[in-house]
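Asker: Next comes the structure file query-v4.txt, holding compact mmCIF, C-alpha atoms.
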```txt
# COMPACT_ATOMS: atom_id res chain seq x y z
CA MET A 1 0.00 0.00 0.00
CA LYS A 2 1.43 3.32 -1.01
CA LEU A 3 0.04 5.02 2.04
CA GLY A 4 2.62 7.77 2.07
CA ASP A 5 1.34 9.21 -1.18
CA VAL A 6 -2.20 9.52 -0.03
CA ASN A 7 -1.65 10.94 3.41
CA PRO A 8 -1.23 14.64 2.49
CA VAL A 9 -4.28 14.44 0.24
CA PHE A 10 -6.49 12.94 2.95
CA ARG A 11 -5.12 15.37 5.51
CA ALA A 12 -5.85 18.34 3.28
CA LEU A 13 -9.35 17.13 2.61
CA ALA A 14 -10.09 16.16 6.20
CA ASP A 15 -11.33 19.68 6.92
CA PRO A 16 -14.93 20.28 5.78
CA THR A 17 -14.27 23.88 4.71
CA ARG A 18 -11.33 22.79 2.55
CA ARG A 19 -13.41 20.01 1.09
CA ALA A 20 -16.15 22.52 0.30
CA LEU A 21 -13.63 24.89 -1.32
CA PHE A 22 -12.20 22.07 -3.38
CA GLU A 23 -15.64 20.98 -4.53
CA GLU A 24 -16.60 24.55 -5.39
CA LEU A 25 -13.50 24.82 -7.58
CA THR A 26 -14.40 21.49 -9.16
CA ARG A 27 -17.86 22.77 -10.00
CA GLN A 28 -17.06 26.34 -11.01
CA GLY A 29 -13.61 26.10 -12.52
CA GLU A 30 -11.07 28.79 -11.74
CA GLN A 31 -12.05 31.20 -8.96
CA THR A 32 -10.52 34.18 -7.22
CA VAL A 33 -9.89 34.22 -3.49
CA HIS A 34 -12.60 36.88 -3.24
CA ALA A 35 -15.19 34.69 -4.92
CA LEU A 36 -14.19 31.74 -2.75
CA THR A 37 -14.44 33.86 0.38
CA ARG A 38 -17.99 34.88 -0.53
CA TYR A 39 -18.83 31.23 -1.08
CA ALA A 40 -17.20 29.83 2.05
CA GLY A 41 -18.66 32.35 4.48
CA VAL A 42 -15.45 32.59 6.52
CA SER A 43 -12.83 35.35 6.57
CA GLN A 44 -10.47 35.87 3.68
CA PRO A 45 -7.35 35.08 5.75
CA ALA A 46 -9.01 31.81 6.75
CA VAL A 47 -9.78 31.00 3.12
CA SER A 48 -6.21 31.85 2.09
CA LYS A 49 -4.89 29.57 4.79
CA HIS A 50 -7.09 26.70 3.61
CA LEU A 51 -6.02 27.30 0.02
CA THR A 52 -2.37 27.12 1.06
CA VAL A 53 -2.97 23.68 2.60
CA LEU A 54 -4.74 22.50 -0.56
CA LYS A 55 -1.91 23.90 -2.66
CA ARG A 56 0.71 22.10 -0.58
CA ALA A 57 -1.15 18.83 -1.24
CA LYS A 58 -1.09 19.79 -4.93
CA LEU A 59 -4.88 19.67 -4.99
CA VAL A 60 -5.08 23.21 -6.32
CA GLY A 61 -2.85 25.45 -8.40
CA ASP A 62 -2.81 29.22 -8.46
CA ARG A 63 -1.82 32.10 -10.69
CA ARG A 64 -1.64 35.79 -10.01
CA GLN A 65 -3.35 38.27 -12.26
CA GLY A 66 -3.06 41.88 -11.17
CA ARG A 67 -4.00 42.03 -7.51
CA GLU A 68 -6.04 38.85 -7.61
CA THR A 69 -4.92 35.28 -7.14
CA HIS A 70 -6.89 32.72 -9.12
CA TYR A 71 -7.19 29.12 -7.97
CA ARG A 72 -8.08 26.01 -9.93
CA VAL A 73 -8.29 22.29 -9.08
CA GLN A 74 -5.58 19.84 -10.06
CA PRO A 75 -7.66 16.65 -10.16
CA ASP A 76 -4.62 14.45 -10.75
CA ALA A 77 -3.73 15.00 -7.12
CA LEU A 78 -6.73 12.80 -6.25
CA ARG A 79 -5.33 9.93 -8.27
CA PRO A 80 -3.24 8.49 -5.40
CA MET A 81 -6.38 8.39 -3.26
CA ALA A 82 -8.29 6.42 -5.88
CA ASP A 83 -5.27 4.17 -6.45
CA TRP A 84 -4.94 3.64 -2.74
CA LEU A 85 -8.53 2.40 -2.45
CA GLN A 86 -7.84 -0.01 -5.28
CA ASP A 87 -4.59 -1.07 -3.64
CA TYR A 88 -6.65 -2.52 -0.82
CA GLY A 89 -7.95 -5.07 -3.33
CA ALA A 90 -4.38 -6.10 -4.13
CA PHE A 91 -3.57 -6.07 -0.43
CA TRP A 92 -6.29 -8.57 0.47
CA ARG A 93 -5.48 -10.86 -2.47
CA ASP A 94 -1.87 -10.97 -1.30
CA ARG A 95 -2.99 -11.74 2.25
CA PHE A 96 -5.28 -14.51 0.98
CA ASP A 97 -2.23 -16.15 -0.59
CA ARG A 98 -0.43 -15.96 2.74
CA LEU A 99 -3.51 -17.33 4.53
CA GLU A 100 -3.56 -20.25 2.11
CA ALA A 101 0.10 -20.97 2.86
CA LEU A 102 -0.56 -20.81 6.61
CA LEU A 103 -3.50 -23.22 6.33
CA GLU A 104 -1.19 -25.70 4.60
CA ARG A 105 1.27 -25.45 7.48
CA MET A 106 -1.35 -25.79 10.23
CA GLU A 107 -2.29 -29.11 11.77
CA SER A 108 -5.88 -29.86 10.85
CA MET B 109 -10.77 -18.99 -7.72
CA SER B 110 -10.45 -15.48 -6.55
CA GLU B 111 -12.45 -12.52 -7.66
CA SER B 112 -12.82 -8.99 -6.58
CA THR B 113 -14.87 -5.94 -7.16
CA GLU B 114 -13.70 -2.49 -6.30
CA ASN B 115 -15.31 0.89 -6.44
CA ASN B 116 -14.73 4.05 -4.53
CA ARG B 117 -16.21 2.78 -1.32
CA SER B 118 -15.77 -0.95 -0.98
CA VAL B 119 -13.44 -3.78 -1.76
CA VAL B 120 -14.65 -7.38 -1.91
CA ILE B 121 -12.36 -10.41 -2.26
CA GLU B 122 -13.65 -13.98 -2.28
CA ARG B 123 -11.95 -17.35 -2.45
CA VAL B 124 -12.65 -21.02 -1.70
CA PHE B 125 -10.05 -22.58 0.57
CA HIS B 126 -9.75 -26.36 0.68
CA HIS B 127 -9.85 -26.44 4.44
CA PRO B 128 -12.70 -26.78 6.95
CA PRO B 129 -14.35 -23.68 8.46
CA GLU B 130 -12.96 -24.59 11.91
CA LYS B 131 -9.42 -24.22 10.64
CA LEU B 132 -10.15 -20.95 8.87
CA TRP B 133 -11.82 -19.57 11.94
CA ARG B 134 -8.68 -20.30 13.97
CA ALA B 135 -6.51 -18.57 11.37
CA LEU B 136 -8.80 -15.55 11.48
CA THR B 137 -9.21 -15.27 15.23
CA GLU B 138 -6.12 -16.63 17.01
CA SER B 139 -3.73 -13.75 17.40
CA PRO B 140 -0.45 -15.66 16.75
CA LEU B 141 -1.93 -17.31 13.63
CA LEU B 142 -3.37 -14.01 12.43
CA ALA B 143 0.08 -12.50 12.79
CA GLN B 144 1.49 -15.10 10.42
CA TRP B 145 -0.58 -14.08 7.43
CA LEU B 146 -2.08 -10.65 8.14
CA MET B 147 -0.14 -8.49 10.59
CA ASN B 148 1.15 -8.40 14.13
CA ASN B 149 -1.78 -7.73 16.41
CA ASP B 150 -3.29 -7.92 19.86
CA PHE B 151 -6.63 -9.19 18.59
CA GLU B 152 -9.01 -11.00 20.92
CA PRO B 153 -12.30 -12.44 19.70
CA VAL B 154 -14.51 -10.39 22.02
CA VAL B 155 -17.08 -7.90 20.77
CA GLY B 156 -16.12 -4.37 21.81
CA ARG B 157 -12.43 -5.23 22.24
CA LYS B 158 -10.12 -2.53 20.87
CA PHE B 159 -6.92 -3.77 19.26
CA GLN B 160 -4.27 -2.82 16.74
CA PHE B 161 -2.65 -4.30 13.69
CA ARG B 162 0.95 -3.19 13.38
CA ALA B 163 2.80 -3.09 10.11
CA GLU B 164 6.31 -1.81 9.43
CA PRO B 165 6.21 1.98 9.55
CA VAL B 166 6.93 3.73 6.27
CA PRO B 167 7.50 7.43 5.57
CA GLN B 168 4.33 9.33 6.47
CA TRP B 169 2.62 6.26 7.92
CA ASN B 170 3.22 4.88 11.40
CA GLY B 171 2.04 1.42 10.35
CA LEU B 172 -0.73 1.29 12.95
CA ILE B 173 -4.29 0.24 12.26
CA ASP B 174 -6.77 0.88 15.07
CA CYS B 175 -9.56 -1.64 15.27
CA GLU B 176 -12.52 -2.63 17.37
CA VAL B 177 -14.26 -5.98 17.22
CA LEU B 178 -17.83 -5.52 15.98
CA ILE B 179 -19.14 -9.01 15.24
CA ILE B 180 -18.09 -12.46 16.41
CA GLU B 181 -20.24 -15.29 15.16
CA PRO B 182 -18.06 -18.40 15.42
CA LEU B 183 -17.36 -20.18 12.11
CA LYS B 184 -19.61 -17.73 10.26
CA GLN B 185 -18.90 -14.03 10.62
CA LEU B 186 -16.26 -11.75 11.98
CA SER B 187 -16.12 -7.99 11.68
CA TYR B 188 -13.91 -5.20 12.97
CA SER B 189 -13.45 -1.52 12.33
CA TRP B 190 -10.20 -0.65 10.58
CA GLY B 191 -8.95 2.88 11.06
CA THR B 192 -5.68 4.31 9.88
CA MET B 193 -4.50 7.82 9.08
CA GLY B 194 -7.89 9.16 10.10
CA ILE B 195 -9.67 7.02 7.54
CA GLY B 196 -12.22 4.64 8.99
CA THR B 197 -13.43 1.49 7.30
CA VAL B 198 -15.13 -1.73 8.34
CA VAL B 199 -13.79 -5.20 7.51
CA LEU B 200 -16.33 -8.02 7.39
CA TRP B 201 -15.37 -11.68 7.04
CA THR B 202 -18.00 -14.20 6.02
CA LEU B 203 -17.36 -17.95 5.97
CA SER B 204 -19.69 -20.46 4.37
CA PRO B 205 -19.33 -24.16 3.61
CA ALA B 206 -18.38 -24.91 0.02
CA GLU B 207 -17.73 -28.14 -1.84
CA GLY B 208 -14.45 -29.47 -0.54
CA GLY B 209 -13.78 -26.53 1.70
CA THR B 210 -14.84 -23.10 2.84
CA HIS B 211 -15.87 -20.05 0.91
CA VAL B 212 -14.30 -16.94 2.39
CA ARG B 213 -15.37 -13.42 1.60
CA VAL B 214 -13.78 -10.26 2.92
CA ASP B 215 -15.64 -7.04 2.42
CA GLN B 216 -14.01 -3.75 3.31
CA SER B 217 -16.34 -0.83 3.10
CA GLY B 218 -17.19 2.64 4.25
CA PHE B 219 -14.01 4.38 3.19
CA GLY B 220 -14.33 7.74 4.82
CA PRO B 221 -12.93 9.73 7.69
CA ASN B 222 -12.70 8.05 11.04
CA GLN B 223 -15.59 9.77 12.78
CA GLU B 224 -14.11 9.24 16.20
CA ARG B 225 -11.14 11.44 15.48
CA ASN B 226 -11.89 14.97 14.44
CA TYR B 227 -14.45 15.22 11.73
CA GLN B 228 -17.63 15.50 13.70
CA GLY B 229 -20.21 17.95 12.53
CA ALA B 230 -18.75 18.03 9.06
CA LYS B 231 -21.11 20.03 6.96
CA TYR B 232 -19.71 18.46 3.86
CA GLY B 233 -20.14 14.71 3.68
CA TRP B 234 -17.28 12.47 2.66
CA GLN B 235 -19.75 10.04 1.21
CA ARG B 236 -20.74 12.62 -1.33
CA PHE B 237 -17.16 13.49 -1.93
CA PHE B 238 -16.30 9.90 -2.75
CA ASP B 239 -19.33 9.65 -4.97
CA GLY B 240 -17.94 12.57 -6.95
CA LEU B 241 -14.37 11.32 -6.99
CA GLU B 242 -14.75 9.22 -10.08
CA ARG B 243 -16.38 12.08 -11.95
CA VAL B 244 -13.56 14.42 -11.02
CA LEU B 245 -10.93 11.89 -12.07
CA SER B 246 -12.59 11.16 -15.35
CA GLY B 247 -12.17 14.78 -16.31
CA GLY B 248 -15.58 16.23 -15.53
CA VAL B 249 -13.99 19.40 -14.28
CA GLY B 250 -15.13 22.85 -15.38
```
Could you show the structure in this file as structure tokens?
Answerer:
Amino acid sequence: MKLGDVNPVFRALADPTRRALFEELTRQGEQTVHALTRYAGVSQPAVSKHLTVLKRAKLVGDRRQGRETHYRVQPDALRPMADWLQDYGAFWRDRFDRLEALLERMES
Amino acid sequence: MSESTENNRSVVIERVFHHPPEKLWRALTESPLLAQWLMNNDFEPVVGRKFQFRAEPVPQWNGLIDCEVLIIEPLKQLSYSWGTMGIGTVVLWTLSPAEGGTHVRVDQSGFGPNQERNYQGAKYGWQRFFDGLERVLSGGVG
């Protein structure tokens, strides 16, 4: 399981406000911090802080235009999370093989 | 003889083992045996018992899985919660007699934040988020 890859993504999305911001960007496309602040209903510094966490997890990207910073989603950052869920399938199959080997070794 | 289905919220693996249910039950519920094929653990087959599986730590993961026994129905069903990195899931084992052995199914479901930790009162549901995950990944982004 490549748990290390998925940890920052889950951490970033653990907060409901960040999850809401991320979803809003998914729905609306690129948005300014101002627009996101109006949407989120919390202060702009709070929104900026949340966006920084999302950016660190590579879930969003930003660009400056004049005095405004525009944010957009980077959906590829979610890929490790989806892969990780699928990895559990591989994990259990591998453990079934080990279980089979153990059963062979056990006295019946 | 193994098949699986996976989506965003559950993983199911099934297999027929050519061994009697009694033997499988021991492998699933006796801590030292469990350690030999799954992970080191302090499991005890008592409903409500909290225990841990311990894997080798890797960067950004301490290797610990926090569990609580939910169902013990000897030779038939076993279930425990499985929480790691703040993500809570439930693992359900179902045994049933099959020709020449035992059919074993493991069902891991409910991928979402571990509610016990710090996500209470979330106004934005994870369930919905996971439902939308596939859409986001398939490029349905504005």
Asker: Would you kindly report the residues of chain A within 6 Å of chain B, using only C-alpha atoms, as a PyMOL selection string?
Answerer: chain A and resi 4+16+26+28-29+89+98-99
Asker: Residues proximal to (-14.8, -5.8, 15.3) were defined as those with any atom within 7 Å of that point in the file's coordinates, counting all atoms listed in the file. Which are they, as a tab-separated table (two decimals) with C-alpha atoms, in the frame of the given file?
Answerer:
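File point_1.tsv, as written:
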```
chain	number	residue	atom	x	y	z
B	155	VAL	CA	-17.08	-7.90	20.77
B	156	GLY	CA	-16.12	-4.37	21.81
B	175	CYS	CA	-9.56	-1.64	15.27
B	176	GLU	CA	-12.52	-2.63	17.37
B	177	VAL	CA	-14.26	-5.98	17.22
B	178	LEU	CA	-17.83	-5.52	15.98
B	179	ILE	CA	-19.14	-9.01	15.24
B	186	LEU	CA	-16.26	-11.75	11.98
B	187	SER	CA	-16.12	-7.99	11.68
B	188	TYR	CA	-13.91	-5.20	12.97
B	189	SER	CA	-13.45	-1.52	12.33
```
Asker: Could you check how far CA of Phe161 (chain B) sits from CA of Asp174 (chain B), in Å to one decimal?
Answerer: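 If I compute the distance from CA of Phe161 (chain B) to CA of Asp174 (chain B), I get 6.8 Å.
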Asker: Could you jot down the CA of Trp190 (chain B) to CA of Gln160 (chain B) separation for me, Å, one decimal place?
Answerer: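 Rounded to one decimal, the two atoms are 8.8 Å apart.
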Asker: Between A:Val73, A:Ala101, A:Met106, A:Ala40, which has the minimum distance to Arg27 (chain A) (counting all atoms listed in the file)?
Answerer: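 Comparing A:Val73, A:Ala101, A:Met106, A:Ala40 against Arg27 (chain A), the winner is A:Val73.
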Asker: To one decimal in Å, tell me the separation between CA of Lys184 (chain B) and CA of Asp150 (chain B).
Answerer: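 Between CA of Lys184 (chain B) and CA of Asp150 (chain B) the gap is 21.3 Å.
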Asker: Check the smallest atom-to-atom distance from each of B:Pro205, B:Pro153, B:Pro140, B:Gly196 to Ile180 (chain B) using all atoms listed in the file, then report the winner.
Answerer: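 Residue with the minimum atom-to-atom distance to Ile180 (chain B): B:Pro153.
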Asker: Considering all atoms listed in the file, return as number ranges by chain whatever protein or nucleic-acid residues lie within 12 Å of Val53 (chain A), sequence-local ones (same chain, fewer than 2 positions apart) excluded.
Answerer: A: 8-15, 17-19, 21-22, 46-51, 55-61
Asker: If we count all atoms listed in the file and set the cut-off at 8 Å, which residues sit around Leu25 (chain A), ignoring sequence neighbours fewer than 6 positions away in its own chain? Please answer as a compact mmCIF listing (two decimals) with C-alpha atoms, in the coordinates of the input.
Answerer:
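What landed in selection17.txt:
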```txt
# COMPACT_ATOMS: atom_id res chain seq x y z
CA GLN A 31 -12.05 31.20 -8.96
CA TYR A 71 -7.19 29.12 -7.97
CA ARG A 72 -8.08 26.01 -9.93
CA VAL A 73 -8.29 22.29 -9.08
```
Asker: Of the candidates B:Ala206, B:Ala163, B:Val198, B:Val154, which one gets nearest to Pro182 (chain B) if we count only C-alpha atoms?
Answerer: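 Smallest separation from Pro182 (chain B) among the options: B:Val154.
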Asker: Have a look at B:His211, B:Trp201, B:Ser139, B:Trp133 and name the one nearest to Leu183 (chain B); count only C-alpha atoms.
Answerer: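 Among the listed residues, B:Trp133 lies closest to Leu183 (chain B).
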